$ cat run.txt   # compact mmCIF, C-alpha atoms
# COMPACT_ATOMS: atom_id res chain seq x y z
CA MET A 1 -0.37 -0.92 -13.52
CA LYS A 2 -2.90 -3.05 -11.68
CA PHE A 3 -6.24 -3.64 -13.40
CA ALA A 4 -9.62 -5.25 -12.80
CA TRP A 5 -12.06 -7.26 -14.84
CA ILE A 6 -15.77 -7.43 -14.08
CA ASP A 7 -17.50 -10.81 -14.26
CA LEU A 8 -21.02 -10.43 -15.66
CA ARG A 9 -22.00 -14.08 -15.37
CA THR A 10 -23.63 -13.80 -11.94
CA VAL A 11 -24.67 -10.14 -12.00
CA PRO A 12 -28.44 -9.91 -11.52
CA GLU A 13 -30.13 -8.98 -14.80
CA GLN A 14 -31.76 -5.89 -13.32
CA HIS A 15 -28.30 -4.52 -12.45
CA ARG A 16 -26.43 -5.65 -15.56
CA THR A 17 -26.81 -2.48 -17.65
CA ALA A 18 -25.81 -0.25 -14.75
CA VAL A 19 -22.79 -2.46 -14.00
CA ILE A 20 -21.64 -2.31 -17.62
CA ASP A 21 -22.07 1.48 -17.71
CA ALA A 22 -20.13 1.80 -14.45
CA ALA A 23 -17.32 -0.38 -15.81
CA VAL A 24 -17.03 1.75 -18.95
CA HIS A 25 -17.17 5.11 -17.17
CA SER A 26 -14.76 4.13 -14.39
CA ARG A 27 -12.30 2.70 -16.94
CA ILE A 28 -12.35 -0.85 -15.60
CA GLY A 29 -9.89 -2.92 -17.62
CA GLY A 30 -12.18 -5.64 -18.89
CA VAL A 31 -15.59 -7.30 -18.85
CA VAL A 32 -15.97 -11.09 -18.72
CA SER A 33 -18.99 -13.02 -19.97
CA ASP A 34 -19.86 -16.40 -21.44
CA ASP A 35 -22.41 -14.68 -23.71
CA PRO A 36 -20.74 -12.97 -26.70
CA ALA A 37 -23.84 -10.85 -27.28
CA LEU A 38 -23.22 -9.02 -24.00
CA LEU A 39 -19.72 -8.12 -25.17
CA ASP A 40 -20.45 -7.08 -28.76
CA ASP A 41 -21.61 -3.55 -27.95
CA LEU A 42 -18.83 -2.67 -25.53
CA PRO A 43 -16.43 0.08 -26.62
CA PRO A 44 -12.92 -0.85 -27.81
CA THR A 45 -11.43 0.92 -24.78
CA ILE A 46 -12.39 -2.06 -22.61
CA THR A 47 -11.10 -5.63 -22.93
CA ARG A 48 -13.96 -7.95 -23.89
CA VAL A 49 -13.27 -11.39 -22.44
CA LEU A 50 -15.29 -14.36 -23.66
CA LEU A 51 -15.08 -17.26 -21.20
CA THR A 52 -15.74 -20.63 -22.80
CA GLU A 53 -15.24 -24.35 -22.19
CA ASN A 54 -13.99 -24.85 -25.76
CA HIS A 55 -12.15 -22.59 -28.13
CA VAL A 56 -14.31 -20.59 -30.55
CA GLU A 57 -13.49 -18.04 -33.18
CA SER A 58 -14.37 -14.60 -31.82
CA PRO A 59 -13.22 -10.99 -32.05
CA HIS A 60 -13.10 -10.99 -28.25
CA LEU A 61 -10.34 -12.26 -25.97
CA VAL A 62 -11.24 -15.95 -25.85
CA THR A 63 -10.39 -17.45 -22.48
CA VAL A 64 -10.71 -21.23 -22.35
CA VAL A 65 -11.37 -23.14 -19.14
CA VAL A 66 -8.45 -25.56 -18.80
CA HIS A 67 -8.52 -28.68 -16.60
CA GLU A 68 -5.53 -30.74 -17.80
CA GLN A 69 -1.97 -30.16 -18.96
CA ASP A 70 -2.67 -31.61 -22.42
CA GLN A 71 -5.48 -29.06 -22.86
CA LEU A 72 -3.03 -26.31 -22.07
CA ASP A 73 -0.45 -27.75 -24.47
CA ARG A 74 -3.02 -27.81 -27.30
CA LEU A 75 -4.59 -24.46 -26.45
CA PRO A 76 -5.12 -22.41 -29.64
CA THR A 77 -5.57 -19.17 -27.70
CA SER A 78 -3.30 -17.14 -25.43
CA SER A 79 -5.69 -16.94 -22.48
CA ALA A 80 -6.89 -19.59 -20.04
CA PHE A 81 -8.97 -20.01 -16.89
CA VAL A 82 -7.67 -22.46 -14.25
CA THR A 83 -9.32 -23.45 -10.98
CA VAL A 84 -6.74 -24.42 -8.36
CA SER A 85 -7.94 -27.01 -5.87
CA ASP A 86 -4.89 -29.28 -5.38
CA ASP A 87 -1.23 -29.71 -6.27
CA ARG A 88 -1.95 -30.87 -9.82
CA THR A 89 -4.09 -27.87 -10.71
CA LEU A 90 -1.61 -25.57 -8.95
CA LYS A 91 1.13 -26.80 -11.29
CA LEU A 92 -1.25 -26.30 -14.21
CA ALA A 93 -1.87 -22.68 -13.19
CA CYS A 94 1.87 -22.06 -12.85
CA ALA A 95 2.52 -23.50 -16.31
CA ALA A 96 -0.21 -21.32 -17.81
CA ALA A 97 1.06 -18.19 -16.07
CA GLU A 98 4.57 -18.82 -17.38
CA ARG A 99 3.54 -19.03 -21.04
CA LEU A 100 0.20 -17.31 -21.75
CA ASP A 101 -0.69 -13.67 -22.31
CA HIS A 102 -3.51 -13.90 -19.75
CA THR A 103 -4.06 -16.50 -17.03
CA VAL A 104 -7.19 -16.24 -14.89
CA VAL A 105 -6.93 -18.28 -11.69
CA ALA A 106 -9.62 -19.15 -9.16
CA PHE A 107 -8.66 -20.73 -5.83
CA THR A 108 -11.03 -23.02 -3.94
CA ASP A 109 -9.25 -22.73 -0.58
CA PRO A 110 -9.01 -19.54 1.53
CA THR A 111 -5.22 -19.70 2.01
CA LYS A 112 -3.13 -17.37 -0.16
CA ILE A 113 -0.15 -19.75 -0.34
CA PRO A 114 -1.17 -21.19 -3.75
CA LEU A 115 -1.51 -17.64 -5.09
CA GLU A 116 1.95 -16.80 -3.80
CA ILE A 117 3.32 -19.84 -5.64
CA VAL A 118 1.65 -18.81 -8.91
CA ILE A 119 2.90 -15.23 -8.52
CA ALA A 120 6.44 -16.53 -7.98
CA ALA A 121 6.17 -18.83 -11.01
CA ALA A 122 4.94 -15.97 -13.20
CA ASP A 123 7.62 -13.53 -12.04
CA GLY A 124 9.43 -12.28 -15.12
CA ALA A 125 6.91 -13.80 -17.53
CA PRO A 126 5.45 -11.36 -20.06
CA GLY A 127 1.83 -12.37 -19.48
CA LYS A 128 -0.71 -11.06 -16.99
CA LEU A 129 -2.05 -12.96 -13.99
CA VAL A 130 -5.70 -12.31 -13.09
CA THR A 131 -7.01 -13.67 -9.78
CA VAL A 132 -10.68 -14.29 -9.03
CA VAL A 133 -11.80 -12.52 -5.83
CA THR A 134 -15.08 -12.62 -3.98
CA ASP A 135 -15.18 -9.06 -2.67
CA LEU A 136 -13.29 -5.78 -2.28
CA VAL A 137 -11.50 -6.88 0.89
CA GLU A 138 -10.02 -9.88 -0.86
CA ALA A 139 -9.18 -7.74 -3.90
CA ALA A 140 -7.04 -5.45 -1.74
CA ILE A 141 -5.19 -8.45 -0.27
CA VAL A 142 -4.62 -10.14 -3.64
CA LEU A 143 -3.26 -6.97 -5.25
CA GLU A 144 -0.51 -6.80 -2.61
CA CYS A 145 0.18 -10.48 -2.01
CA LEU A 146 3.92 -11.32 -1.80
CA GLU A 147 4.72 -7.58 -2.16
CA HIS A 148 4.02 -8.02 -5.87
CA GLY A 149 0.41 -9.01 -6.10
CA SER A 150 -1.65 -10.32 -8.93
CA ASP A 151 -1.53 -8.13 -12.04
CA GLY A 152 -5.31 -7.99 -12.05
CA VAL A 153 -8.42 -9.19 -10.26
CA LEU A 154 -11.70 -10.60 -11.54
CA MET A 155 -14.73 -9.79 -9.40
CA ALA A 156 -18.45 -10.35 -9.84
CA PRO A 157 -20.12 -7.16 -8.53
CA GLN A 158 -23.55 -7.07 -6.98
CA ASP A 159 -24.32 -3.69 -8.49
CA ALA A 160 -22.73 -0.58 -9.98
CA THR A 161 -21.58 0.65 -6.56
CA ASP A 162 -19.20 -2.30 -6.28
CA VAL A 163 -17.70 -1.38 -9.65
CA PHE A 164 -16.96 2.19 -8.61
CA LYS A 165 -15.48 1.02 -5.29
CA LEU A 166 -13.23 -1.43 -7.14
CA ALA A 167 -12.07 1.33 -9.48
CA ARG A 168 -11.18 3.54 -6.50
CA LEU A 169 -9.26 0.66 -4.92
CA LEU A 170 -7.07 0.44 -8.02
CA GLU A 171 -6.37 4.17 -7.84
CA VAL A 172 -4.91 3.96 -4.33
CA THR A 173 -1.22 4.84 -4.51
CA SER A 174 1.28 6.38 -2.19
CA PRO A 175 2.93 9.23 -4.09
CA PRO A 176 6.45 10.40 -3.27
CA LEU A 177 7.05 13.33 -0.94
CA THR A 178 9.43 16.21 -1.36
CA LEU A 179 11.95 16.10 1.47
CA THR A 180 14.06 19.05 2.47
CA THR A 181 17.28 19.47 4.45
CA LEU A 182 16.72 21.02 7.87
CA THR A 183 19.45 22.64 9.92
CA VAL A 184 19.44 22.11 13.69
CA GLU A 185 19.26 25.41 15.57
CA ALA A 186 18.62 24.38 19.18
CA LEU A 187 18.25 21.38 21.50
CA THR A 188 16.21 21.73 24.67
CA HIS A 189 15.93 19.26 27.55
CA ASN A 190 12.30 19.26 28.70
CA GLY A 191 12.13 16.85 31.61
CA LEU A 192 9.58 14.07 31.95
CA GLY A 193 6.86 13.54 29.35
CA ASP A 194 4.96 10.82 27.55
CA ARG A 195 6.42 9.44 24.35
CA VAL A 196 4.99 7.00 21.82
CA CYS A 197 6.74 4.09 20.14
CA VAL A 198 4.95 3.12 16.91
CA ASP A 199 5.17 -0.62 16.32
CA THR A 200 4.09 -1.51 12.79
CA ALA A 201 3.18 -4.71 10.98
CA SER A 202 5.99 -4.15 8.46
CA HIS A 203 9.78 -4.19 8.36
CA PHE A 204 11.40 -0.82 7.77
CA GLN A 205 14.34 -0.49 5.41
CA GLU A 206 17.54 1.04 6.76
CA ASP A 207 16.78 4.47 5.28
CA GLU A 208 13.07 4.48 6.19
CA GLY A 209 11.14 6.05 9.02
CA ILE A 210 8.02 8.10 9.66
CA LEU A 211 7.51 11.86 9.51
CA VAL A 212 6.71 13.39 12.90
CA GLY A 213 6.49 17.01 14.05
CA SER A 214 5.26 19.09 16.97
CA PHE A 215 3.58 21.58 14.63
CA SER A 216 1.64 21.17 11.40
CA SER A 217 4.17 23.31 9.49
CA GLY A 218 6.85 20.63 9.26
CA PHE A 219 8.06 17.17 10.13
CA ILE A 220 11.36 15.42 10.85
CA LEU A 221 12.09 11.93 9.48
CA CYS A 222 12.32 9.69 12.55
CA CYS A 223 14.46 6.59 12.09
CA SER A 224 13.26 3.07 12.76
CA GLU A 225 15.09 0.70 15.11
CA THR A 226 16.42 -1.25 12.13
CA HIS A 227 20.05 -0.40 12.91
CA PRO A 228 21.96 -2.29 15.63
CA LEU A 229 22.14 -0.82 19.11
CA PRO A 230 24.19 -1.80 22.16
CA TYR A 231 22.38 -3.39 25.10
CA MET A 232 19.21 -4.24 23.16
CA PRO A 233 18.11 -6.15 20.03
CA THR A 234 17.02 -4.42 16.85
CA ARG A 235 13.30 -3.97 16.34
CA PRO A 236 12.96 -3.26 12.60
CA PHE A 237 9.20 -2.72 12.94
CA ARG A 238 9.47 0.12 15.49
CA VAL A 239 9.93 3.88 15.44
CA ASN A 240 10.51 5.68 18.73
CA ALA A 241 8.51 8.56 17.35
CA GLY A 242 8.03 11.36 19.84
CA ALA A 243 5.77 13.00 22.38
CA LEU A 244 2.11 12.01 22.38
CA HIS A 245 0.95 15.44 21.10
CA SER A 246 3.03 15.17 17.92
CA TYR A 247 1.62 14.96 14.43
CA VAL A 248 2.48 11.90 12.31
CA LEU A 249 1.93 11.96 8.56
CA GLY A 250 -0.35 9.30 7.11
CA PRO A 251 -1.88 8.44 3.74
CA ALA A 252 -3.76 11.02 1.64
CA ASN A 253 -1.88 13.91 3.28
CA ARG A 254 -3.71 13.36 6.53
CA THR A 255 -2.17 13.56 9.99
CA ASN A 256 -2.94 11.98 13.32
CA TYR A 257 -1.69 12.78 16.77
CA LEU A 258 0.60 10.03 17.99
CA SER A 259 -1.83 9.64 20.89
CA GLU A 260 -4.58 8.68 18.41
CA LEU A 261 -2.76 5.76 16.81
CA ARG A 262 -4.25 2.35 17.48
CA SER A 263 -3.77 -1.16 16.15
CA GLY A 264 -4.95 -1.01 12.54
CA SER A 265 -4.17 2.69 12.03
CA LYS A 266 -2.28 3.67 8.88
CA VAL A 267 0.91 5.74 8.65
CA LEU A 268 3.38 6.47 5.86
CA ALA A 269 6.80 4.87 5.77
CA VAL A 270 9.10 7.36 4.05
CA ASN A 271 12.65 6.75 2.86
CA ALA A 272 15.53 9.18 2.43
CA GLU A 273 14.60 9.81 -1.21
CA GLY A 274 10.98 10.60 -0.43
CA ARG A 275 9.46 7.32 -1.61
CA THR A 276 6.47 6.36 0.51
CA ARG A 277 4.35 3.33 1.29
CA GLU A 278 1.32 2.86 3.46
CA ILE A 279 1.89 0.62 6.48
CA THR A 280 -0.32 -0.64 9.28
CA VAL A 281 0.23 0.07 12.96
CA GLY A 282 0.37 -3.05 15.10
CA ARG A 283 0.28 -1.12 18.35
CA ALA A 284 1.20 2.25 19.83
CA LYS A 285 3.21 2.07 23.06
CA LEU A 286 3.09 5.10 25.36
CA GLU A 287 5.51 5.45 28.31
CA SER A 288 6.86 8.31 30.44
CA ARG A 289 10.44 9.27 29.61
CA PRO A 290 12.74 12.33 29.77
CA MET A 291 12.10 14.45 26.66
CA LEU A 292 14.24 16.49 24.26
CA THR A 293 13.05 19.12 21.76
CA ILE A 294 14.85 19.41 18.43
CA SER A 295 14.42 22.82 16.81
CA ALA A 296 15.45 23.11 13.16
CA ARG A 297 14.88 25.40 10.19
CA SER A 298 14.33 24.79 6.48
CA PRO A 299 16.19 26.71 3.74
CA GLU A 300 12.99 28.75 3.27
CA GLY A 301 13.02 29.76 6.92
CA VAL A 302 10.26 27.48 8.19
CA GLU A 303 10.73 26.42 11.82
CA VAL A 304 10.31 22.71 12.52
CA HIS A 305 10.14 21.24 16.02
CA LEU A 306 10.09 17.68 17.28
CA MET A 307 9.96 16.49 20.89
CA VAL A 308 11.45 13.03 21.34
CA GLN A 309 12.67 10.80 24.15
CA ASP A 310 15.93 12.20 25.50
CA ASP A 311 18.07 9.11 25.00
CA TRP A 312 21.02 8.13 22.83
CA HIS A 313 19.20 5.22 21.15
CA VAL A 314 16.49 7.50 19.69
CA ARG A 315 17.51 8.47 16.17
CA VAL A 316 16.53 10.64 13.22
CA LEU A 317 17.70 10.56 9.63
CA GLY A 318 19.93 13.02 7.84
CA PRO A 319 20.61 13.55 4.11
CA GLY A 320 21.53 10.35 2.33
CA GLY A 321 19.86 8.32 5.09
CA LYS A 322 22.59 9.10 7.62
CA VAL A 323 21.54 7.91 11.08
CA ARG A 324 21.87 10.49 13.85
CA ASN A 325 21.45 9.82 17.58
CA VAL A 326 19.36 12.65 19.01
CA THR A 327 21.53 13.18 22.10
CA GLU A 328 24.59 13.71 19.90
CA LEU A 329 22.98 16.36 17.66
CA GLN A 330 24.61 19.77 17.57
CA ARG A 331 23.70 23.14 16.11
CA GLY A 332 24.37 23.11 12.38
CA ASP A 333 23.70 19.40 11.90
CA GLU A 334 21.49 18.54 8.93
CA LEU A 335 18.31 16.46 9.14
CA LEU A 336 15.76 15.28 6.62
CA GLY A 337 12.26 16.67 6.90
CA HIS A 338 9.12 17.65 5.07
CA ILE A 339 7.56 21.11 4.98
CA ALA A 340 3.75 21.26 4.91
CA THR A 341 1.99 23.98 2.96
CA GLU A 342 -1.35 23.77 4.81
CA GLN A 343 -2.58 24.06 8.36
CA ARG A 344 -4.52 21.17 9.91
CA HIS A 345 -8.02 20.73 11.24
CA VAL A 346 -8.77 17.28 12.73
CA GLY A 347 -5.85 15.98 10.67
CA LEU A 348 -7.10 17.34 7.35
CA PRO A 349 -5.18 20.01 5.40
CA ILE A 350 -7.00 23.36 5.29
CA GLY A 351 -6.01 26.78 3.97
CA GLU A 352 -6.75 28.85 7.07
CA PHE A 353 -4.76 31.12 9.36
CA CYS A 354 -3.30 29.21 12.29
CA LYS A 355 -0.38 30.13 14.51
CA GLU A 356 1.31 27.41 16.57
CA SER A 357 3.99 28.03 19.19
$ encode --input "run.txt" --output "structure tokens"
Amino acid sequence: MKFAWIDLRTVPEQHRTAVIDAAVHSRIGGVVSDDPALLDDLPPTITRVLLTENHVESPHLVTVVVHEQDQLDRLPTSSAFVTVSDDRTLKLACAAAERLDHTVVAFTDPTKIPLEIVIAAADGAPGKLVTVVTDLVEAAIVLECLEHGSDGVLMAPQDATDVFKLARLLEVTSPPLTLTTLTVEALTHNGLGDRVCVDTASHFQEDEGILVGSFSSGFILCCSETHPLPYMPTRPFRVNAGALHSYVLGPANRTNYLSELRSGSKVLAVNAEGRTREITVGRAKLESRPMLTISARSPEGVEVHLMVQDDWHVRVLGPGGKVRNVTELQRGDELLGHIATEQRHVGLPIGEFCKES
């Protein structure tokens, strides 16, 4: 689980009490201060971190600022603070992360390459890496850096609002989806239409795609172009998704029309077991192509429809991640999909009567 510590050292005094209250109520992992008196009254549910230049005896988690390797070697505590500004201090941070229970690292340069090196050095170590961040935007980047991220972040908030926003950032997850097996009932050639290719800023795995459907009642798992094709190179970042009117499932159970996707939009990558992750759209590419409608039905009797480009190289996924070319589908073939329980209004789920046809 990712966590956050709040740095009280630069919080304006008029906001300090509110920031502490916000940290306690939003279950922030820890509070950092160089004044033990500010930590004494905190509840035991929060980690009280005393930052100091020299080791002192304290009931709090004493974190010593370390500048040299010999300081680290003689450190009487299991927590250290290292500022990385060059190769020597980078090696010091890596050594601390490999051996200590907690290593707090601040980086003087904006590049994330030193952080990636520390994360790699700490991989498999039992301790926790905490990275100093300047704001919420950097916190989000640091928590995902190298697909692993720092275990925690240390941020100095301006006020209580920043604390609550940081807590919400830590809560952001992409829960799994329940996929169902759909049975193909009909295939209809529709003639010319506009289809959208979704090019993302991420590589898809072989059994991953995005969930797309003509109606809000259900979606079909559209395969990425990760698998080899004749006559053209693979594009493991792309899904040839469907007609521009189609719904695509995104984070927080929200949908967008494919026509609404822009660079920076978010969609869900979904694998054959229902695991999901949020990914960013690099661009949406709309072109006119012959279209094909796939009509399928769930075991519960829910009809699911998807209009896609009518071409052999457009593919959807079946049970077990089996890749199926849409022009070779036949009645009775099985596809993977997701059945929605709500109707949609401007992409949001709503429990109202709505009939689509």
$ atom_distance --input "run.txt" --atom1 "atom CA of Pro319 of chain A" --atom2 "atom CA of Lys285 of chain A"
28.2 Å
$ residues_around --input "run.txt" --residues "Ala121 of chain A" --least-positions-apart "3" --cutoff "8 Å" --atoms "all atoms listed in the file" --output "compact mmCIF listing (two decimals) with C-alpha atoms, in the coordinates of the input"
# COMPACT_ATOMS: atom_id res chain seq x y z
CA CYS A 94 1.87 -22.06 -12.85
CA ALA A 95 2.52 -23.50 -16.31
CA ALA A 97 1.06 -18.19 -16.07
CA GLU A 98 4.57 -18.82 -17.38
CA ILE A 117 3.32 -19.84 -5.64
CA VAL A 118 1.65 -18.81 -8.91
$ atom_distance --input "run.txt" --atom1 "atom CA of Val82 of chain A" --atom2 "atom CA of Glu53 of chain A"
11.1 Å
$ atom_distance --input "run.txt" --atom1 "atom CA of Phe204 of chain A" --atom2 "atom CA of Leu179 of chain A"
18.1 Å
$ closest_residue --input "run.txt" --among "A:Pro176, A:Gly250, A:Gly209, A:Pro236" --to "Glu273 of chain A" --atoms "all atoms listed in the file"
A:Pro176
$ residues_around --input "run.txt" --residues "Phe107 of chain A" --least-positions-apart "3" --cutoff "10 Å" --atoms "all atoms listed in the file" --output "list in words"
Val82, Thr83, Val84, Ser85, Asp86, Thr89, Leu90, Pro110, Thr111, Lys112, Pro114, Leu115, Thr131, Val132 and Val133 of chain A
$ closest_residue --input "run.txt" --among "A:Thr234, A:Asn190, A:Thr63, A:Ser263" --to "Met307 of chain A" --atoms "only C-alpha atoms"
A:Asn190
$ residues_around --input "run.txt" --residues "Gly127 of chain A" --least-positions-apart "2" --cutoff "7 Å" --atoms "only C-alpha atoms" --output "ChimeraX atom specification"
/A:97,100-102,125,129
